[in-house]
>>> print(open('query15.cif').read())   # mmCIF, C-alpha atoms
data_start
loop_
_atom_site.label_atom_id
_atom_site.label_comp_id
_atom_site.auth_asym_id
_atom_site.auth_seq_id
_atom_site.Cartn_x
_atom_site.Cartn_y
_atom_site.Cartn_z
CA MET A 7 10.41 -48.56 -16.10
CA LYS A 8 7.07 -47.21 -17.12
CA MET A 9 4.48 -49.93 -16.63
CA TRP A 10 2.54 -50.42 -19.84
CA ASN A 11 -1.22 -50.52 -19.46
CA THR A 12 -1.84 -53.77 -21.31
CA HIS A 13 -4.21 -53.41 -24.25
CA SER A 14 -4.59 -49.64 -23.75
CA LEU A 15 -2.75 -48.42 -26.82
CA PHE A 16 -4.26 -50.99 -29.13
CA THR A 17 -7.73 -50.49 -27.66
CA ALA A 18 -7.48 -46.75 -28.15
CA ALA A 19 -6.26 -47.20 -31.71
CA VAL A 20 -9.02 -49.51 -32.81
CA ALA A 21 -11.67 -47.52 -30.97
CA ALA A 22 -10.56 -44.38 -32.76
CA LEU A 23 -10.74 -46.19 -36.06
CA GLY A 24 -14.10 -47.78 -35.31
CA ILE A 25 -12.74 -51.13 -36.39
CA LEU A 26 -14.25 -53.47 -33.86
CA SER A 27 -15.94 -53.70 -30.53
CA PHE A 28 -12.86 -54.53 -28.49
CA THR A 29 -12.92 -56.52 -25.29
CA PRO A 30 -9.76 -56.89 -23.20
CA LEU A 31 -8.53 -60.40 -23.83
CA HIS A 32 -9.35 -62.83 -21.07
CA ALA A 33 -10.37 -66.45 -21.24
CA SER A 34 -13.98 -65.39 -20.71
CA ALA A 35 -14.01 -62.61 -23.30
CA ALA A 36 -17.03 -62.86 -25.56
CA PRO A 37 -16.23 -63.46 -29.21
CA ILE A 38 -16.76 -60.53 -31.52
CA GLU A 39 -19.51 -60.96 -34.04
CA THR A 40 -18.52 -60.82 -37.67
CA ALA A 41 -20.92 -57.92 -38.20
CA ASN A 42 -18.88 -55.73 -35.85
CA LEU A 43 -15.97 -55.71 -38.31
CA THR A 44 -16.22 -52.99 -40.90
CA LYS A 45 -14.02 -55.01 -43.24
CA ARG A 46 -13.00 -58.62 -43.17
CA ALA A 47 -9.35 -59.45 -43.58
CA PRO A 48 -8.16 -59.29 -47.17
CA THR A 49 -6.47 -62.13 -48.98
CA TRP A 50 -2.99 -62.70 -47.57
CA GLY A 51 0.05 -62.48 -49.80
CA PHE A 52 0.55 -66.23 -49.23
CA PRO A 53 -2.13 -68.88 -48.51
CA TYR A 54 -1.21 -69.32 -44.86
CA GLY A 55 -3.22 -72.04 -43.19
CA SER A 56 -3.53 -74.13 -46.34
CA THR A 57 0.03 -74.17 -47.76
CA LYS A 58 3.14 -74.92 -45.73
CA ILE A 59 5.79 -72.25 -45.25
CA ARG A 60 9.10 -73.66 -46.46
CA GLY A 61 11.81 -71.06 -46.26
CA VAL A 62 15.27 -69.96 -45.29
CA ASN A 63 16.72 -66.98 -43.45
CA LEU A 64 19.09 -64.57 -45.18
CA GLY A 65 21.17 -64.40 -42.02
CA GLY A 66 24.32 -62.34 -41.64
CA TRP A 67 23.57 -60.05 -44.60
CA LEU A 68 21.96 -56.80 -43.41
CA VAL A 69 22.72 -57.59 -39.75
CA LEU A 70 26.27 -58.79 -39.12
CA GLU A 71 26.89 -61.91 -37.05
CA PRO A 72 30.48 -62.85 -36.14
CA TRP A 73 29.92 -66.60 -36.55
CA ILE A 74 28.35 -66.26 -40.01
CA THR A 75 31.11 -64.02 -41.41
CA PRO A 76 34.10 -64.38 -39.05
CA SER A 77 36.43 -62.91 -41.69
CA LEU A 78 34.75 -59.51 -41.37
CA PHE A 79 35.57 -59.47 -37.66
CA ASP A 80 38.97 -61.15 -37.73
CA GLY A 81 39.97 -58.77 -40.50
CA THR A 82 39.64 -55.78 -38.16
CA GLY A 83 42.57 -56.93 -36.04
CA ASN A 84 40.65 -55.74 -32.98
CA SER A 85 39.25 -58.31 -30.56
CA ALA A 86 36.95 -55.66 -29.03
CA ILE A 87 34.88 -55.68 -32.24
CA ILE A 88 32.23 -58.25 -31.35
CA ASP A 89 29.02 -57.03 -33.04
CA GLU A 90 27.78 -54.49 -35.55
CA TRP A 91 27.76 -51.70 -32.94
CA THR A 92 31.49 -52.10 -32.19
CA PHE A 93 32.21 -52.71 -35.88
CA GLY A 94 31.23 -49.08 -36.41
CA GLN A 95 32.47 -47.78 -33.06
CA TYR A 96 36.06 -49.00 -33.19
CA GLN A 97 36.92 -48.52 -36.86
CA ASP A 98 37.52 -45.50 -39.03
CA TYR A 99 34.20 -44.63 -40.67
CA ASN A 100 35.37 -45.01 -44.25
CA THR A 101 37.15 -48.28 -43.51
CA ALA A 102 34.12 -49.81 -41.82
CA HIS A 103 31.71 -48.48 -44.42
CA GLY A 104 33.73 -49.83 -47.31
CA LYS A 105 33.75 -53.29 -45.76
CA LEU A 106 29.99 -53.15 -45.16
CA VAL A 107 29.17 -52.02 -48.69
CA ASN A 108 31.33 -54.76 -50.16
CA HIS A 109 29.61 -57.30 -47.90
CA TRP A 110 26.13 -56.04 -48.77
CA ASN A 111 26.97 -56.24 -52.48
CA THR A 112 28.28 -59.81 -52.35
CA TRP A 113 26.83 -61.85 -49.49
CA ILE A 114 23.39 -62.39 -51.04
CA THR A 115 22.86 -61.99 -54.78
CA TYR A 116 20.15 -62.78 -57.31
CA ASN A 117 21.81 -66.15 -57.84
CA ASP A 118 21.32 -67.02 -54.18
CA LEU A 119 17.61 -66.27 -54.36
CA ALA A 120 17.33 -68.20 -57.62
CA ALA A 121 18.93 -71.19 -55.89
CA ILE A 122 16.48 -70.82 -53.00
CA LYS A 123 13.57 -70.88 -55.43
CA ALA A 124 15.07 -73.84 -57.29
CA ALA A 125 15.28 -75.74 -54.00
CA GLY A 126 11.50 -75.72 -53.71
CA LEU A 127 11.33 -73.04 -51.05
CA ASN A 128 8.62 -70.37 -51.00
CA HIS A 129 9.79 -67.87 -48.33
CA VAL A 130 12.83 -65.93 -47.27
CA ARG A 131 13.06 -64.23 -43.91
CA MET A 132 15.05 -61.00 -44.02
CA PRO A 133 16.72 -59.91 -40.78
CA ILE A 134 17.37 -56.16 -40.60
CA GLY A 135 18.23 -53.81 -37.75
CA TYR A 136 16.44 -50.68 -36.57
CA TRP A 137 19.53 -48.65 -37.47
CA ALA A 138 18.70 -48.99 -41.16
CA TRP A 139 16.02 -46.36 -40.40
CA ASP A 140 17.05 -44.54 -37.23
CA ILE A 141 20.40 -43.65 -35.66
CA SER A 142 19.04 -40.41 -34.23
CA ARG A 143 20.47 -41.03 -30.75
CA GLY A 144 24.04 -41.05 -32.03
CA GLU A 145 24.48 -44.80 -32.42
CA PRO A 146 27.69 -45.81 -34.22
CA TYR A 147 25.87 -47.97 -36.76
CA HIS A 148 26.23 -47.43 -40.48
CA GLN A 149 23.24 -46.97 -42.75
CA GLY A 150 22.70 -47.99 -46.37
CA GLN A 151 20.85 -51.31 -45.99
CA LEU A 152 17.49 -50.24 -47.43
CA PRO A 153 18.45 -50.30 -51.13
CA TYR A 154 19.53 -53.93 -50.62
CA LEU A 155 16.24 -54.78 -48.93
CA ASN A 156 14.36 -53.27 -51.87
CA GLN A 157 16.61 -55.01 -54.37
CA ALA A 158 15.93 -58.34 -52.65
CA ILE A 159 12.18 -57.66 -52.81
CA SER A 160 12.50 -57.01 -56.54
CA TRP A 161 14.43 -60.28 -57.01
CA CYS A 162 11.81 -62.16 -55.00
CA ARG A 163 9.09 -60.69 -57.20
CA THR A 164 10.87 -61.89 -60.32
CA LEU A 165 11.36 -65.37 -58.86
CA GLY A 166 8.01 -65.79 -57.12
CA LEU A 167 9.32 -65.89 -53.55
CA LYS A 168 7.61 -64.40 -50.49
CA MET A 169 9.48 -62.37 -47.87
CA ILE A 170 9.03 -61.85 -44.16
CA ILE A 171 10.80 -58.68 -43.04
CA ASP A 172 12.22 -59.38 -39.58
CA LEU A 173 13.27 -56.54 -37.27
CA HIS A 174 16.24 -58.38 -35.80
CA GLY A 175 17.57 -55.60 -33.58
CA ALA A 176 15.80 -52.85 -31.63
CA PRO A 177 17.08 -49.77 -29.79
CA GLY A 178 18.74 -50.78 -26.52
CA SER A 179 18.78 -54.44 -27.66
CA GLN A 180 15.81 -56.70 -26.96
CA ASN A 181 17.95 -59.65 -25.90
CA GLY A 182 21.59 -58.67 -25.47
CA PHE A 183 22.67 -61.04 -28.25
CA ASP A 184 25.32 -59.94 -30.74
CA ASN A 185 22.75 -60.59 -33.48
CA SER A 186 20.60 -57.77 -32.10
CA GLY A 187 23.40 -55.43 -33.16
CA GLN A 188 24.71 -54.79 -29.67
CA LYS A 189 25.89 -57.51 -27.31
CA LYS A 190 25.26 -56.72 -23.65
CA SER A 191 24.69 -58.56 -20.40
CA TYR A 192 21.17 -57.21 -19.96
CA PRO A 193 18.87 -55.88 -22.69
CA LEU A 194 17.48 -52.38 -22.33
CA TRP A 195 14.86 -52.16 -25.09
CA HIS A 196 11.99 -52.87 -22.70
CA THR A 197 13.19 -50.41 -20.04
CA SER A 198 12.68 -47.24 -22.09
CA SER A 199 9.53 -45.76 -23.57
CA ASP A 200 11.78 -43.96 -26.06
CA ASN A 201 13.24 -47.28 -27.26
CA ILE A 202 9.77 -48.74 -27.73
CA ALA A 203 8.38 -45.63 -29.41
CA ARG A 204 11.26 -45.61 -31.90
CA THR A 205 10.61 -49.28 -32.66
CA ASN A 206 6.89 -48.70 -33.16
CA ALA A 207 7.68 -45.85 -35.56
CA ILE A 208 9.84 -48.18 -37.67
CA ILE A 209 7.11 -50.81 -37.83
CA LYS A 210 4.64 -48.13 -38.94
CA THR A 211 7.08 -47.13 -41.67
CA LEU A 212 7.58 -50.74 -42.73
CA ALA A 213 3.84 -51.40 -42.86
CA SER A 214 3.00 -48.23 -44.76
CA THR A 215 5.85 -48.84 -47.22
CA TYR A 216 5.24 -52.49 -47.97
CA SER A 217 1.49 -53.04 -47.53
CA SER A 218 1.16 -52.27 -51.24
CA GLN A 219 3.72 -54.98 -52.04
CA THR A 220 2.11 -58.07 -50.53
CA ASP A 221 2.82 -59.94 -53.75
CA VAL A 222 6.25 -60.32 -52.08
CA VAL A 223 6.15 -58.94 -48.53
CA ALA A 224 3.66 -61.32 -46.98
CA GLY A 225 4.65 -60.73 -43.36
CA ILE A 226 6.44 -58.50 -40.89
CA ALA A 227 8.07 -59.85 -37.74
CA PRO A 228 8.15 -56.72 -35.56
CA LEU A 229 10.84 -58.02 -33.18
CA ASN A 230 13.14 -61.03 -33.17
CA GLU A 231 13.62 -63.02 -29.96
CA PRO A 232 12.75 -60.59 -27.16
CA ALA A 233 14.37 -62.08 -24.07
CA GLY A 234 11.34 -63.15 -22.04
CA PHE A 235 13.62 -65.33 -19.92
CA PHE A 236 14.73 -62.16 -18.14
CA GLY A 237 11.33 -61.90 -16.49
CA SER A 238 7.89 -60.38 -16.32
CA ASP A 239 8.93 -56.83 -17.18
CA VAL A 240 10.29 -57.95 -20.56
CA LEU A 241 7.18 -60.03 -21.17
CA ALA A 242 4.81 -57.20 -20.23
CA ALA A 243 6.54 -54.83 -22.66
CA THR A 244 6.62 -57.50 -25.35
CA ARG A 245 2.93 -58.36 -25.04
CA GLN A 246 1.97 -54.70 -25.29
CA TYR A 247 4.31 -54.27 -28.24
CA TRP A 248 2.62 -57.16 -30.07
CA TYR A 249 -0.71 -55.35 -29.66
CA ASP A 250 0.79 -52.06 -30.84
CA SER A 251 2.37 -53.84 -33.80
CA TYR A 252 -0.94 -55.51 -34.68
CA GLY A 253 -2.51 -52.09 -35.07
CA ASN A 254 0.49 -50.78 -37.00
CA ILE A 255 0.83 -53.78 -39.35
CA ARG A 256 -2.74 -54.90 -39.86
CA TYR A 257 -4.16 -51.33 -40.14
CA PRO A 258 -1.41 -49.49 -42.03
CA TYR A 259 -3.57 -46.84 -43.70
CA GLY A 260 -4.66 -44.74 -40.73
CA ASN A 261 -8.29 -45.79 -41.14
CA SER A 262 -10.48 -48.86 -40.75
CA GLN A 263 -9.12 -50.57 -43.86
CA GLN A 264 -7.10 -53.68 -43.11
CA GLY A 265 -3.88 -54.39 -44.92
CA ALA A 266 -2.89 -57.86 -46.10
CA VAL A 267 0.46 -58.16 -44.29
CA VAL A 268 0.57 -60.82 -41.57
CA GLU A 269 2.14 -60.15 -38.15
CA PHE A 270 4.66 -62.75 -36.97
CA ILE A 271 5.02 -62.55 -33.18
CA ALA A 272 7.94 -64.21 -31.40
CA ASP A 273 7.28 -66.60 -28.54
CA ALA A 274 9.83 -64.69 -26.38
CA PHE A 275 11.40 -68.00 -25.27
CA GLN A 276 8.19 -69.01 -23.51
CA PRO A 277 6.32 -72.31 -23.84
CA LEU A 278 3.79 -72.07 -26.64
CA SER A 279 1.04 -72.54 -24.06
CA TYR A 280 2.07 -69.19 -22.52
CA TRP A 281 0.31 -67.59 -25.51
CA ASN A 282 -3.03 -69.25 -24.80
CA ASN A 283 -5.85 -66.69 -25.20
CA PHE A 284 -3.46 -64.13 -26.69
CA MET A 285 -4.82 -62.42 -29.81
CA PRO A 286 -7.44 -65.14 -30.40
CA TRP A 287 -9.35 -65.06 -33.67
CA GLN A 288 -12.55 -65.35 -31.66
CA SER A 289 -11.93 -61.80 -30.48
CA GLY A 290 -11.41 -60.47 -33.97
CA PHE A 291 -7.67 -60.89 -34.41
CA GLU A 292 -6.69 -62.02 -37.88
CA GLY A 293 -3.37 -62.43 -39.59
CA VAL A 294 -1.25 -63.37 -36.56
CA ILE A 295 1.31 -66.18 -36.68
CA LEU A 296 3.39 -67.28 -33.68
CA ASP A 297 7.09 -67.66 -34.48
CA THR A 298 9.02 -70.15 -32.36
CA HIS A 299 12.72 -70.96 -32.76
CA TYR A 300 14.13 -74.43 -32.19
CA TYR A 301 17.78 -75.03 -31.34
CA GLY A 302 18.86 -78.09 -29.40
CA ILE A 303 22.40 -76.88 -28.68
CA PHE A 304 22.47 -73.93 -26.29
CA SER A 305 22.66 -75.76 -22.97
CA PRO A 306 24.98 -78.46 -21.60
CA ALA A 307 22.11 -80.97 -21.49
CA GLU A 308 21.22 -80.37 -25.14
CA VAL A 309 24.74 -80.69 -26.55
CA SER A 310 25.12 -83.91 -24.55
CA ARG A 311 22.32 -85.62 -26.46
CA SER A 312 23.03 -88.55 -28.74
CA TRP A 313 22.00 -88.28 -32.37
CA ASP A 314 18.93 -90.40 -31.70
CA GLN A 315 18.01 -88.17 -28.77
CA GLN A 316 18.33 -85.06 -30.96
CA VAL A 317 15.96 -86.62 -33.49
CA GLN A 318 13.51 -87.65 -30.76
CA ALA A 319 13.54 -84.15 -29.22
CA ALA A 320 12.86 -82.57 -32.61
CA CYS A 321 9.97 -84.94 -33.29
CA ALA A 322 8.53 -84.16 -29.85
CA ARG A 323 8.54 -80.47 -30.69
CA GLY A 324 5.93 -81.28 -33.30
CA ASN A 325 3.51 -82.27 -30.53
CA ASP A 326 3.93 -78.84 -28.93
CA ILE A 327 3.32 -77.12 -32.25
CA VAL A 328 0.12 -79.07 -32.93
CA SER A 329 -1.33 -77.91 -29.59
CA SER A 330 -0.20 -74.28 -30.03
CA PRO A 331 -2.99 -71.72 -29.52
CA LEU A 332 -2.07 -69.83 -32.70
CA TRP A 333 -0.90 -70.70 -36.18
CA THR A 334 2.77 -71.47 -35.53
CA VAL A 335 5.86 -71.46 -37.72
CA VAL A 336 9.38 -72.46 -36.70
CA GLY A 337 11.10 -69.33 -37.92
CA GLU A 338 14.64 -70.48 -37.10
CA TRP A 339 16.21 -73.93 -36.75
CA THR A 340 19.33 -75.78 -37.83
CA THR A 341 20.77 -79.19 -38.60
CA ALA A 342 23.75 -78.44 -36.33
CA PHE A 343 23.76 -80.70 -33.26
CA THR A 344 26.68 -78.92 -31.57
CA ASP A 345 27.56 -75.31 -30.78
CA CYS A 346 31.02 -75.80 -32.29
CA ALA A 347 30.85 -73.19 -35.06
CA LYS A 348 33.50 -70.51 -34.51
CA TYR A 349 32.08 -67.49 -32.62
CA LEU A 350 28.59 -69.06 -32.44
CA ASN A 351 28.46 -68.17 -28.74
CA GLY A 352 30.07 -64.79 -29.35
CA ARG A 353 33.42 -63.67 -30.71
CA GLY A 354 36.14 -64.94 -28.41
CA ASN A 355 33.90 -67.50 -26.72
CA GLY A 356 34.32 -71.24 -27.08
CA ALA A 357 31.79 -74.05 -27.32
CA ARG A 358 29.86 -76.03 -24.74
CA TYR A 359 30.44 -79.19 -26.75
CA ASP A 360 34.22 -79.20 -26.28
CA GLY A 361 34.14 -77.59 -22.84
CA THR A 362 35.73 -74.28 -23.91
CA PHE A 363 32.63 -72.23 -23.11
CA PRO A 364 32.62 -70.92 -19.49
CA GLY A 365 30.85 -73.31 -17.13
CA SER A 366 30.58 -76.16 -19.62
CA THR A 367 31.83 -79.74 -19.48
CA TYR A 368 33.63 -81.56 -22.28
CA VAL A 369 31.38 -83.75 -24.42
CA GLY A 370 33.69 -84.31 -27.38
CA SER A 371 36.04 -82.72 -29.88
CA CYS A 372 34.57 -80.17 -32.29
CA ALA A 373 37.00 -81.00 -35.07
CA GLN A 374 34.79 -83.28 -37.18
CA TRP A 375 31.46 -81.51 -36.63
CA THR A 376 32.02 -78.01 -38.06
CA GLY A 377 33.76 -76.32 -40.97
CA SER A 378 33.56 -77.44 -44.60
CA GLY A 379 31.05 -80.10 -45.59
CA ALA A 380 33.76 -81.57 -47.82
CA SER A 381 35.35 -82.94 -44.64
CA PHE A 382 32.16 -84.40 -43.15
CA SER A 383 32.02 -88.18 -43.04
CA ALA A 384 29.31 -90.14 -44.85
CA THR A 385 27.94 -91.18 -41.46
CA TYR A 386 27.74 -87.55 -40.31
CA LYS A 387 26.04 -86.45 -43.53
CA ALA A 388 23.50 -89.27 -43.18
CA PHE A 389 22.68 -88.02 -39.68
CA LEU A 390 22.33 -84.43 -40.93
CA ARG A 391 19.82 -85.69 -43.50
CA ARG A 392 17.86 -87.63 -40.87
CA PHE A 393 17.91 -84.64 -38.50
CA TRP A 394 16.74 -82.33 -41.30
CA GLU A 395 13.87 -84.68 -42.12
CA ALA A 396 12.87 -85.07 -38.46
CA GLN A 397 12.61 -81.32 -37.98
CA VAL A 398 10.79 -80.67 -41.27
CA THR A 399 8.35 -83.47 -40.47
CA ALA A 400 7.72 -82.11 -36.98
CA PHE A 401 7.46 -78.47 -37.99
CA GLU A 402 5.09 -79.15 -40.89
CA ARG A 403 2.59 -80.36 -38.31
CA GLY A 404 2.18 -76.60 -37.85
CA GLN A 405 2.45 -73.89 -40.50
CA GLY A 406 5.95 -74.86 -41.60
CA TRP A 407 9.52 -73.71 -41.18
CA ILE A 408 12.24 -71.22 -42.10
CA TYR A 409 15.77 -72.60 -41.77
CA TRP A 410 18.67 -70.66 -40.22
CA THR A 411 20.58 -69.90 -42.37
CA TRP A 412 21.19 -69.83 -46.15
CA LYS A 413 25.00 -69.64 -45.97
CA ALA A 414 27.91 -69.22 -43.59
CA GLU A 415 31.59 -68.75 -44.32
CA ASN A 416 32.88 -71.76 -42.43
CA ALA A 417 30.04 -73.60 -40.68
CA ASP A 418 28.44 -75.82 -43.29
CA GLU A 419 26.45 -77.74 -40.69
CA TRP A 420 24.35 -74.54 -40.43
CA SER A 421 24.20 -73.76 -44.16
CA TYR A 422 21.15 -74.66 -46.26
CA SER A 423 23.12 -74.00 -49.44
CA ALA A 424 25.93 -76.31 -48.29
CA GLY A 425 23.39 -78.96 -47.35
CA LEU A 426 22.01 -78.83 -50.88
CA ASN A 427 25.52 -78.94 -52.34
CA TYR A 428 26.70 -81.91 -50.27
CA GLY A 429 23.41 -83.78 -50.35
CA TRP A 430 22.12 -83.84 -46.80
CA ILE A 431 19.32 -81.44 -47.76
CA PRO A 432 17.21 -82.60 -50.72
CA GLN A 433 16.58 -80.37 -53.72
CA ASN A 434 12.89 -81.17 -53.25
CA PRO A 435 11.91 -80.39 -49.64
CA THR A 436 9.12 -82.97 -49.70
CA GLN A 437 11.47 -85.84 -50.58
CA ARG A 438 12.19 -88.29 -47.74
CA ASN A 439 14.85 -90.89 -47.13
CA TYR A 440 13.44 -91.47 -43.62
CA PRO A 441 9.66 -91.26 -44.08
CA ASN A 442 8.96 -92.70 -40.63
CA VAL A 443 11.61 -90.70 -38.78
CA CYS A 444 9.05 -89.40 -36.29
CA GLY A 445 7.08 -92.63 -36.11
#
>>> encode(input="query15.cif", output="structure tokens")
Amino acid sequence: MKMWNTHSLFTAAVAALGILSFTPLHASAAPIETANLTKRAPTWGFPYGSTKIRGVNLGGWLVLEPWITPSLFDGTGNSAIIDEWTFGQYQDYNTAHGKLVNHWNTWITYNDLAAIKAAGLNHVRMPIGYWAWDISRGEPYHQGQLPYLNQAISWCRTLGLKMIIDLHGAPGSQNGFDNSGQKKSYPLWHTSSDNIARTNAIIKTLASTYSSQTDVVAGIAPLNEPAGFFGSDVLAATRQYWYDSYGNIRYPYGNSQQGAVVEFIADAFQPLSYWNNFMPWQSGFEGVILDTHYYGIFSPAEVSRSWDQQVQAACARGNDIVSSPLWTVVGEWTTAFTDCAKYLNGRGNGARYDGTFPGSTYVGSCAQWTGSGASFSATYKAFLRRFWEAQVTAFERGQGWIYWTWKAENADEWSYSAGLNYGWIPQNPTQRNYPNVCG
């Protein structure tokens, strides 16, 4: 792997533009004087810092996920189709494309966004894959997503919703998850300068396209969940990429004029304190929000927690957020307390909760904890409400939250729309049945 010279690309970019007197970021770096900036940051498309982000992800729409729409995968009759890559690879082109177009036309509609607005939410986060722009290396992905992205922006404009465009999959995969487009045992995005250059080019395109539409597109998340747990090489590439993306997103015009789109950087599965002294405002960085994801279900210890322990852990996360070095939003979270949803751990994989996932130990049966909310007991729905309130309370100690996800075919414990329908999520997100849930 080519070792990235940290700060070099960003430093060169801003030096060429004459934007600021840039000092490599260390704890002892001197703050940049206001006078050194040729233009202060413009007004953001949303009053970040003073108004809470309350939003929901449009998951499983423009990036397929087997657990969100299992029917799309089961309907292929081919167990080797486990992600969007293989969905294109192992089906006849016209067959696969017809299914995708039908899905794009129906999964999220104007009525969904109207319901999101009516539920008191102010943001949607839009996952989309790099292949919507670039399949120049012969990838088997299908294209055609961009008209739906633009249609959703138009609907958001009509309704008064803000959007964060989230690059959910990058060339080579940044995490190896099926939701990156290509499931693999080890991600390759960070190992190739070509992968990273292609990703940077897409972010430049996004920024130049949508910087004039900040009435809706308030933020760009240049990469979802890079897998920092794989080690320092992933983290080094990710840190450099955040700098590159800052230049591409915040300075989209090729000159010293700042745009008004905010950059949402993922925590890369690191403690929030890992990002201490990274892009500090004292050094001239503006319009950067740290995006952390909270799921208490992807380890044996987490799925073994009692309901009270799940609530306590969520409340404790609020303490971490308060001490975060940057403005911080929880860009994904759920009311699910198990990993029981079909295909959640990958098509063909079982769950840790019931011991069917490799290496796990039985905690309990999944039968009553997933599926249709119509079958959930009153006791279960009361817990879901308490768990929702605990997380919202904790996460609003920071900049706010964006729930994962709006809808799922058969996993209502994950579905914001089902929660509204069955009553464990309130129509007014400030309403509380458990006002002291976090003490």
>>> closest_atom_pairs(input="query15.cif", of="stretch 118-182 of chain A", to="stretch 407-415 of chain A", cutoff="12 Å", atoms="all atoms listed in the file", output="Markdown table")
| residue | atom | partner | partner_atom | distance |
| --- | --- | --- | --- | --- |
| A:Asp118 | CA | A:Trp412 | CA | 8.5 |
| A:Leu119 | CA | A:Trp412 | CA | 9.6 |
| A:Ala121 | CA | A:Trp412 | CA | 10.1 |
| A:Ile122 | CA | A:Trp412 | CA | 8.4 |
| A:Ala125 | CA | A:Trp412 | CA | 11.5 |
| A:Leu127 | CA | A:Ile408 | CA | 9.2 |
| A:Asn128 | CA | A:Ile408 | CA | 9.6 |
| A:His129 | CA | A:Ile408 | CA | 7.5 |
| A:Val130 | CA | A:Ile408 | CA | 7.4 |
| A:Arg131 | CA | A:Ile408 | CA | 7.3 |
| A:Met132 | CA | A:Thr411 | CA | 10.6 |
| A:Pro133 | CA | A:Thr411 | CA | 10.8 |
| A:Lys168 | CA | A:Ile408 | CA | 11.8 |
| A:Met169 | CA | A:Ile408 | CA | 10.9 |
| A:Ile170 | CA | A:Ile408 | CA | 10.1 |
>>> resolve_selection(input="query15.cif", expression="the PyMOL selection byres ((chain A and resi 163) around 12)", output="list in words")
Gly51, Tyr116, Leu119, Ala120, Lys123, Asn128, His129, Val130, Asn156, Gln157, Ala158, Ile159, Ser160, Trp161, Cys162, Thr164, Leu165, Gly166, Leu167, Lys168, Met169, Gln219, Thr220, Asp221, Val222, Val223 and Ala224 of chain A
>>> closest_residue(input="query15.cif", among="A:Asp326, A:Asp239, A:Asp172, A:Glu90", to="A:Ile271", atoms="all atoms listed in the file")
A:Asp172
>>> atom_distance(input="query15.cif", atom1="atom CA of A:Pro193", atom2="atom CA of A:His174")
13.6 Å
>>> closest_residue(input="query15.cif", among="A:Gln316, A:Ser329, A:Thr298, A:Ser310", to="A:Gly361", atoms="all atoms listed in the file")
A:Ser310
>>> resolve_selection(input="query15.cif", expression="the PyMOL selection byres ((chain A and resi 186) around 12)", output="MDAnalysis selection string")
chainID A and resid 65:66 68:72 88:91 133:137 172:185 187:190 193:195 229:233
>>> write_last_selection(input="query15.cif", atoms="C-alpha atoms", output="compact mmCIF listing (two decimals), in the frame of the given file")
# COMPACT_ATOMS: atom_id res chain seq x y z
CA GLY A 65 21.17 -64.40 -42.02
CA GLY A 66 24.32 -62.34 -41.64
CA LEU A 68 21.96 -56.80 -43.41
CA VAL A 69 22.72 -57.59 -39.75
CA LEU A 70 26.27 -58.79 -39.12
CA GLU A 71 26.89 -61.91 -37.05
CA PRO A 72 30.48 -62.85 -36.14
CA ILE A 88 32.23 -58.25 -31.35
CA ASP A 89 29.02 -57.03 -33.04
CA GLU A 90 27.78 -54.49 -35.55
CA TRP A 91 27.76 -51.70 -32.94
CA PRO A 133 16.72 -59.91 -40.78
CA ILE A 134 17.37 -56.16 -40.60
CA GLY A 135 18.23 -53.81 -37.75
CA TYR A 136 16.44 -50.68 -36.57
CA TRP A 137 19.53 -48.65 -37.47
CA ASP A 172 12.22 -59.38 -39.58
CA LEU A 173 13.27 -56.54 -37.27
CA HIS A 174 16.24 -58.38 -35.80
CA GLY A 175 17.57 -55.60 -33.58
CA ALA A 176 15.80 -52.85 -31.63
CA PRO A 177 17.08 -49.77 -29.79
CA GLY A 178 18.74 -50.78 -26.52
CA SER A 179 18.78 -54.44 -27.66
CA GLN A 180 15.81 -56.70 -26.96
CA ASN A 181 17.95 -59.65 -25.90
CA GLY A 182 21.59 -58.67 -25.47
CA PHE A 183 22.67 -61.04 -28.25
CA ASP A 184 25.32 -59.94 -30.74
CA ASN A 185 22.75 -60.59 -33.48
CA GLY A 187 23.40 -55.43 -33.16
CA GLN A 188 24.71 -54.79 -29.67
CA LYS A 189 25.89 -57.51 -27.31
CA LYS A 190 25.26 -56.72 -23.65
CA PRO A 193 18.87 -55.88 -22.69
CA LEU A 194 17.48 -52.38 -22.33
CA TRP A 195 14.86 -52.16 -25.09
CA LEU A 229 10.84 -58.02 -33.18
CA ASN A 230 13.14 -61.03 -33.17
CA GLU A 231 13.62 -63.02 -29.96
CA PRO A 232 12.75 -60.59 -27.16
CA ALA A 233 14.37 -62.08 -24.07
>>> residues_around(input="query15.cif", residues="stretch 389-395 of chain A", least_positions_apart="6", cutoff="8 Å", atoms="all atoms listed in the file", output="ChimeraX atom specification")
/A:313,316-317,340-342,419,429-431,438-440,443
>>> write_last_selection(input="query15.cif", atoms="C-alpha atoms", output="CSV table (one decimal), in the coordinates of the input")
chain,number,residue,atom,x,y,z
A,313,TRP,CA,22.0,-88.3,-32.4
A,316,GLN,CA,18.3,-85.1,-31.0
A,317,VAL,CA,16.0,-86.6,-33.5
A,340,THR,CA,19.3,-75.8,-37.8
A,341,THR,CA,20.8,-79.2,-38.6
A,342,ALA,CA,23.8,-78.4,-36.3
A,419,GLU,CA,26.4,-77.7,-40.7
A,429,GLY,CA,23.4,-83.8,-50.4
A,430,TRP,CA,22.1,-83.8,-46.8
A,431,ILE,CA,19.3,-81.4,-47.8
A,438,ARG,CA,12.2,-88.3,-47.7
A,439,ASN,CA,14.8,-90.9,-47.1
A,440,TYR,CA,13.4,-91.5,-43.6
A,443,VAL,CA,11.6,-90.7,-38.8
>>> closest_residue(input="query15.cif", among="A:Glu269, A:Pro306, A:Asn254, A:Ser383", to="A:Thr362", atoms="all atoms listed in the file")
A:Pro306
